[in-house]
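Undergrad: Just so it is clear, I am handing over run-v7.cif, which has mmCIF, C-alpha atoms.
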data_coords
#
loop_
_atom_site.label_atom_id
_atom_site.label_comp_id
_atom_site.auth_asym_id
_atom_site.auth_seq_id
_atom_site.Cartn_x
_atom_site.Cartn_y
_atom_site.Cartn_z
CA MET A 15 0.00 0.00 0.00
CA GLU A 16 1.31 3.41 -0.96
CA ASN A 17 1.48 6.11 1.70
CA PRO A 18 1.65 9.42 -0.21
CA PHE A 19 0.17 11.47 2.65
CA ARG A 20 2.25 9.75 5.34
CA LYS A 21 -0.87 9.06 7.37
CA ILE A 22 -0.66 5.26 7.43
CA THR A 23 1.42 4.18 10.38
CA THR A 24 1.58 1.72 13.28
CA LEU A 25 0.13 1.51 16.76
CA GLU A 26 3.62 1.76 18.22
CA LYS A 27 4.34 5.05 16.45
CA VAL A 28 1.07 6.82 17.36
CA MET A 29 1.51 5.98 21.03
CA GLU A 30 3.87 8.97 21.28
CA PHE A 31 0.80 11.22 21.28
CA PHE A 32 -0.59 9.72 24.50
CA HIS A 33 0.58 10.89 27.91
CA ASP A 34 -0.52 11.16 31.53
CA GLY A 35 -3.10 13.84 32.25
CA MET A 36 -4.24 14.28 28.66
CA THR A 37 -7.74 14.83 27.30
CA LEU A 38 -8.88 11.92 25.14
CA MET A 39 -12.06 11.78 23.06
CA PHE A 40 -13.31 8.43 21.81
CA GLY A 41 -15.93 7.13 19.45
CA GLY A 42 -18.26 4.29 20.35
CA PHE A 43 -21.53 3.33 21.98
CA GLY A 44 -21.21 0.67 24.66
CA GLY A 45 -17.93 -0.34 23.06
CA VAL A 46 -19.39 -0.70 19.56
CA GLY A 47 -17.23 1.52 17.36
CA THR A 48 -14.48 2.02 19.95
CA PRO A 49 -10.95 1.25 18.64
CA PRO A 50 -9.69 -1.86 20.50
CA GLY A 51 -6.02 -1.66 19.57
CA LEU A 52 -5.64 1.95 20.68
CA ILE A 53 -7.36 1.21 24.00
CA ASP A 54 -4.96 -1.66 24.64
CA GLY A 55 -2.01 0.49 23.60
CA ILE A 56 -2.95 3.12 26.18
CA LEU A 57 -3.29 0.43 28.85
CA GLU A 58 0.06 -1.11 28.00
CA LYS A 59 1.82 2.26 28.05
CA GLY A 60 0.49 2.85 31.56
CA ILE A 61 -1.22 6.16 30.79
CA ARG A 62 -3.12 7.60 33.79
CA ASN A 63 -5.13 10.62 34.93
CA LEU A 64 -7.03 10.82 31.68
CA THR A 65 -9.98 13.08 30.99
CA LEU A 66 -12.25 10.96 28.79
CA ILE A 67 -14.94 12.41 26.54
CA GLY A 68 -17.44 10.11 24.88
CA ASN A 69 -20.94 8.72 24.94
CA ASP A 70 -20.52 6.34 27.89
CA THR A 71 -18.05 4.37 29.98
CA GLY A 72 -18.54 1.08 28.14
CA PHE A 73 -18.60 -2.18 30.07
CA PRO A 74 -15.89 -3.24 32.55
CA HIS A 75 -14.03 -5.31 29.95
CA ILE A 76 -15.29 -3.63 26.76
CA GLY A 77 -14.22 -0.48 24.97
CA ILE A 78 -13.28 2.59 26.98
CA GLY A 79 -14.55 0.69 30.02
CA LYS A 80 -11.20 -1.11 30.19
CA LEU A 81 -9.50 2.21 30.98
CA VAL A 82 -12.17 3.25 33.47
CA SER A 83 -12.16 -0.09 35.29
CA GLN A 84 -8.40 0.01 35.73
CA GLU A 85 -8.60 3.51 37.24
CA ARG A 86 -6.81 5.24 34.38
CA ALA A 87 -9.28 8.14 34.24
CA LYS A 88 -9.60 11.08 36.60
CA LYS A 89 -12.63 12.59 34.82
CA VAL A 90 -15.30 11.45 32.41
CA ILE A 91 -17.66 13.60 30.34
CA ALA A 92 -20.42 11.28 29.15
CA SER A 93 -24.15 10.82 28.74
CA HIS A 94 -24.32 7.80 31.07
CA ILE A 95 -22.12 5.43 33.05
CA GLY A 96 -24.65 2.76 34.03
CA SER A 97 -23.20 -0.10 31.99
CA ASN A 98 -19.92 0.04 33.90
CA PRO A 99 -20.39 -0.47 37.65
CA PHE A 100 -16.79 0.56 38.31
CA ALA A 101 -17.55 4.05 37.02
CA GLY A 102 -20.36 4.48 39.54
CA GLN A 103 -18.27 3.00 42.32
CA PHE A 104 -15.29 5.27 41.65
CA MET A 105 -17.57 8.29 41.33
CA HIS A 106 -19.11 7.66 44.77
CA GLU A 107 -15.68 7.01 46.26
CA GLY A 108 -14.43 10.33 44.95
CA LYS A 109 -11.89 8.69 42.64
CA LEU A 110 -13.60 9.70 39.39
CA GLU A 111 -15.15 13.04 38.49
CA VAL A 112 -18.17 12.59 36.22
CA GLU A 113 -19.78 15.35 34.18
CA PHE A 114 -23.11 14.18 32.81
CA SER A 115 -24.32 15.67 29.55
CA PRO A 116 -27.60 14.63 27.85
CA GLN A 117 -26.75 12.45 24.88
CA GLY A 118 -27.92 14.81 22.15
CA ILE A 119 -26.34 17.80 23.84
CA LEU A 120 -23.08 15.88 24.25
CA ALA A 121 -23.07 15.13 20.53
CA GLU A 122 -23.73 18.78 19.69
CA ARG A 123 -20.99 19.96 22.06
CA ILE A 124 -18.53 17.68 20.26
CA ARG A 125 -19.80 18.86 16.88
CA ALA A 126 -19.39 22.48 17.99
CA GLY A 127 -15.82 21.78 19.00
CA GLY A 128 -15.17 20.18 15.65
CA VAL A 129 -16.38 23.19 13.65
CA GLY A 130 -14.74 25.81 15.85
CA LEU A 131 -17.77 27.12 17.75
CA PRO A 132 -17.25 28.04 21.42
CA GLY A 133 -20.51 26.42 22.47
CA ILE A 134 -24.24 26.00 21.89
CA LEU A 135 -27.44 27.14 23.57
CA SER A 136 -29.84 24.58 24.98
CA ASP A 137 -32.93 24.53 27.19
CA ILE A 138 -32.45 20.82 27.97
CA GLY A 139 -32.00 20.24 31.69
CA LYS A 140 -32.04 23.92 32.62
CA ASP A 141 -34.23 23.09 35.63
CA ILE A 142 -32.21 20.02 36.64
CA GLU A 143 -29.28 20.71 38.94
CA LEU A 144 -27.33 17.67 37.72
CA VAL A 145 -27.31 19.13 34.20
CA ALA A 146 -27.47 22.88 34.81
CA GLY A 147 -24.95 23.15 37.64
CA ASN A 148 -23.24 26.53 37.48
CA LYS A 149 -23.53 26.90 33.72
CA GLN A 150 -24.01 30.36 32.30
CA ARG A 151 -27.58 31.27 31.34
CA VAL A 152 -28.64 33.65 28.59
CA LEU A 153 -31.90 35.11 27.38
CA LEU A 154 -32.77 34.87 23.69
CA ASN A 155 -36.13 36.05 22.36
CA GLY A 156 -37.52 35.95 25.88
CA GLU A 157 -36.45 32.34 26.52
CA GLU A 158 -33.70 31.24 28.92
CA TYR A 159 -31.00 28.87 27.73
CA LEU A 160 -27.96 27.16 29.17
CA VAL A 161 -24.61 27.82 27.53
CA GLU A 162 -23.14 24.41 26.78
CA GLU A 163 -19.42 24.76 26.10
CA ALA A 164 -17.92 23.03 23.08
CA LEU A 165 -15.78 19.94 23.63
CA THR A 166 -12.39 19.24 22.07
CA ALA A 167 -9.50 16.95 22.92
CA GLU A 168 -5.77 16.63 22.49
CA VAL A 169 -6.36 13.33 20.73
CA SER A 170 -9.48 11.76 19.25
CA ILE A 171 -9.60 8.04 18.52
CA VAL A 172 -12.13 6.45 16.15
CA PHE A 173 -12.85 3.04 14.65
CA ALA A 174 -13.81 2.66 10.99
CA LYS A 175 -14.51 -0.13 8.53
CA LYS A 176 -12.46 1.32 5.66
CA ALA A 177 -10.01 4.14 5.07
CA ASP A 178 -8.19 5.24 1.96
CA GLU A 179 -4.66 6.60 1.94
CA TYR A 180 -5.87 10.14 2.67
CA GLY A 181 -7.97 9.09 5.65
CA ASN A 182 -11.45 9.27 4.18
CA LEU A 183 -13.52 6.94 6.36
CA ILE A 184 -16.47 4.60 5.97
CA TYR A 185 -18.08 3.08 9.06
CA ASP A 186 -19.86 -0.22 9.65
CA LYS A 187 -23.57 0.43 10.22
CA SER A 188 -24.30 1.30 13.88
CA ALA A 189 -20.57 1.31 14.70
CA ARG A 190 -20.64 4.73 13.07
CA ASN A 191 -22.46 6.28 16.09
CA THR A 192 -20.41 9.19 17.51
CA ASN A 193 -17.25 8.47 15.52
CA PRO A 194 -17.78 11.10 12.77
CA LEU A 195 -18.24 13.85 15.36
CA VAL A 196 -15.32 12.70 17.49
CA ALA A 197 -13.07 12.63 14.42
CA MET A 198 -13.69 16.35 13.93
CA ALA A 199 -12.94 17.48 17.46
CA GLY A 200 -9.41 16.27 18.17
CA ALA A 201 -6.27 18.32 17.71
CA ILE A 202 -4.92 14.98 16.49
CA THR A 203 -7.29 12.30 15.19
CA ILE A 204 -6.21 8.68 14.89
CA ALA A 205 -8.37 6.20 13.00
CA GLU A 206 -8.04 2.48 13.66
CA VAL A 207 -9.48 0.72 10.62
CA GLU A 208 -10.37 -2.76 9.42
CA GLU A 209 -9.22 -2.18 5.84
CA ILE A 210 -7.02 0.37 4.08
CA VAL A 211 -7.69 0.83 0.36
CA PRO A 212 -6.04 2.90 -2.40
CA LEU A 213 -7.08 6.48 -3.02
CA GLY A 214 -10.13 6.50 -5.29
CA ALA A 215 -11.32 3.04 -4.22
CA LEU A 216 -14.06 4.42 -1.96
CA ASN A 217 -17.37 5.57 -3.37
CA ALA A 218 -17.42 9.30 -2.68
CA GLU A 219 -21.13 9.08 -1.79
CA GLU A 220 -20.36 6.59 0.99
CA ILE A 221 -17.57 8.55 2.70
CA ILE A 222 -18.72 9.84 6.09
CA THR A 223 -15.56 11.40 7.55
CA PRO A 224 -13.43 13.42 5.11
CA GLY A 225 -9.74 12.69 5.37
CA VAL A 226 -8.99 16.31 6.22
CA PHE A 227 -10.04 15.46 9.80
CA VAL A 228 -7.80 12.38 10.07
CA ASP A 229 -4.12 12.69 10.92
CA TYR A 230 -3.09 9.05 11.26
CA ILE A 231 -4.43 5.67 10.17
CA ILE A 232 -3.50 2.34 11.77
CA PRO A 233 -4.68 -1.15 10.83
CA THR A 234 -6.65 -3.00 13.47
CA LYS A 235 -6.23 -6.56 14.69
CA GLY A 236 -9.95 -6.63 15.42
CA VAL A 237 -12.14 -6.55 18.49
CA ASN A 238 -10.52 -8.55 21.26
CA TRP A 239 -13.29 -8.64 23.84
CA LYS A 240 -16.44 -10.68 24.29
CA TRP A 241 -19.58 -8.59 23.90
CA ALA A 242 -21.86 -8.23 26.93
CA TRP A 243 -24.76 -9.84 25.09
CA GLU A 244 -22.83 -12.90 23.89
#
Write out the structure in this file as structure tokens.

TA:
Amino acid sequence: MENPFRKITTLEKVMEFFHDGMTLMFGGFGGVGTPPGLIDGILEKGIRNLTLIGNDTGFPHIGIGKLVSQERAKKVIASHIGSNPFAGQFMHEGKLEVEFSPQGILAERIRAGGVGLPGILSDIGKDIELVAGNKQRVLLNGEEYLVEEALTAEVSIVFAKKADEYGNLIYDKSARNTNPLVAMAGAITIAEVEEIVPLGALNAEEIITPGVFVDYIIPTKGVNWKWAWE
């Protein structure tokens, strides 16, 4: 495979971008669409004190849940943590800070970060302390809204079915989930993919993430966990 854009690389080489105390954004929904090789690479490097941004905390042995369960995170920004009992346990023990964001609002905050907006306005949860907290409120056309700040990360990691040499991505059905938004919002975006094809091999109408958002591409060895429903 040619590598004219120098984006195709190895897991070992991209690990230089991961360090203690960093902000990491990840694609996936309950582990579906979360890059397994990158998660294992972070574990093996011993990275700690992560701030994780994504839909959920996976399951104890699935997806981002592997990092949470092994106490590698200091903070999580997510829509729910219920599928990983360790997340709830660590939160109540004061070991893990959790910022809850309604799922749709979380997605829009990530999208805002990806397109360079400082935030969005929302009336969702404005009367719920868990959501509203100390967020700024503004009046617009006589209605009160919360200011939801945009979300970005030092590194975003995504999982795709196919990539070409430039980093244009196609996802596998529901494994697409939050990955296209996450890919936009990282200062560096790394895509772990099942198949790398030559430039021009992808149908332009099927491309979901343009390669301009993708900095590095690594081949995957596949999902290495047993799904919760198996």

Undergrad: Using Å and a single decimal, report how far atom CA of A:Glu122 sits from atom CA of A:Gly156.

TA: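 Taking atom CA of A:Gly156 and atom CA of A:Glu122, their separation equals 22.9 Å.
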
Undergrad: Do you know which residues the PyMOL selection byres ((chain A and resi 90) around 10) returns on this file, as a compact mmCIF listing (two decimals) with C-alpha atoms, in the coordinates of the input?

TA:
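Output below, filename selection23.txt:
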# COMPACT_ATOMS: atom_id res chain seq x y z
CA THR A 37 -7.74 14.83 27.30
CA LEU A 38 -8.88 11.92 25.14
CA MET A 39 -12.06 11.78 23.06
CA LEU A 64 -7.03 10.82 31.68
CA THR A 65 -9.98 13.08 30.99
CA LEU A 66 -12.25 10.96 28.79
CA ILE A 67 -14.94 12.41 26.54
CA GLY A 68 -17.44 10.11 24.88
CA ASN A 69 -20.94 8.72 24.94
CA ASP A 70 -20.52 6.34 27.89
CA THR A 71 -18.05 4.37 29.98
CA VAL A 82 -12.17 3.25 33.47
CA ALA A 87 -9.28 8.14 34.24
CA LYS A 88 -9.60 11.08 36.60
CA LYS A 89 -12.63 12.59 34.82
CA ILE A 91 -17.66 13.60 30.34
CA ALA A 92 -20.42 11.28 29.15
CA SER A 93 -24.15 10.82 28.74
CA HIS A 94 -24.32 7.80 31.07
CA ILE A 95 -22.12 5.43 33.05
CA ALA A 101 -17.55 4.05 37.02
CA MET A 105 -17.57 8.29 41.33
CA LEU A 110 -13.60 9.70 39.39
CA GLU A 111 -15.15 13.04 38.49
CA VAL A 112 -18.17 12.59 36.22
CA GLU A 113 -19.78 15.35 34.18
CA PHE A 114 -23.11 14.18 32.81

Undergrad: Once the PyMOL selection byres ((chain A and resi 143-154) around 12) has been applied to the shown file, what residues remain in the selection, as a ChimeraX atom specification?

TA: /A:91-93,112-117,119-120,133-142,155-163

Undergrad: Skipping near chain neighbours, those fewer than 3 positions away, what residues fall within 9 Å of stretch 75-78 of chain A using all atoms listed in the file, listed as number ranges by chain?

TA: A: 40, 42-50, 53, 66, 68, 70-72, 81-83, 98, 238-242

Undergrad: What's the separation between atom CA of A:Gly55 and atom CA of A:Asp178, in Å to one decimal place?

TA: 23.0 Å

Undergrad: Taking all atoms listed in the file into account, name the residue in A:Leu165, A:Leu57, A:Ala174, A:Ala205 that is nearest to A:Asp34.

TA: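 The closest residue to A:Asp34 is A:Leu57.
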
Undergrad: On this file, the PyMOL selection byres ((chain A and resi 28) around 12) gives some set of residues; write that set as number ranges by chain.

TA: A: 21-27, 29-33, 51-52, 55-56, 59, 169-171, 202-206, 229-233

Undergrad: Kindly compute an axis-aligned box around the listed atoms of stretch 198-214 of chain A, allowing 3 Å on each side, and express its centre and edge lengths in Å to one decimal as AutoDock Vina command-line options.

TA:
--center_x -9.3 --center_y 7.8 --center_z 6.4 --size_x 14.8 --size_y 27.1 --size_z 29.5

Undergrad: So what do you get for atom CA of A:Asn63 versus atom CA of A:Met36, distance-wise?

TA: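 Atom CA of A:Asn63 sits 7.3 Å away from atom CA of A:Met36.
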
Undergrad: Which one of A:Asn217, A:Thr223, A:Asn193, A:Ser97 sits closest to A:Pro74 if you count only C-alpha atoms?

TA: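 Checking each candidate against A:Pro74, we get A:Ser97 as the closest.
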
Undergrad: Choose the residue, out of A:Tyr180, A:Val226, A:Leu131, A:Glu209, that has the smallest atom-to-atom separation from A:Asn17; count all atoms listed in the file.

TA: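 Result for the nearest residue to A:Asn17: A:Tyr180.
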
Undergrad: Between A:Phe73, A:Lys80, A:Glu179, A:Ile221, which one has atoms that come closest to A:Glu58, using all atoms listed in the file?

TA: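 Going through A:Phe73, A:Lys80, A:Glu179, A:Ile221 one by one, the smallest distance to A:Glu58 is for A:Lys80.
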
Undergrad: Let me make sure I understand: among A:Ile61, A:Leu216, A:Leu195, A:Met15, which one has the smallest atom-to-atom distance to A:Ala121 if we use all atoms listed in the file?

TA: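 The shortest atom-to-atom distance to A:Ala121 comes from A:Leu195.
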
Undergrad: Which of these, A:Gly225, A:Gly118, A:Gly181, A:Lys109, has the shortest distance to A:Ile210 once you count only C-alpha atoms?

TA: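 The closest residue to A:Ile210 is A:Gly181.
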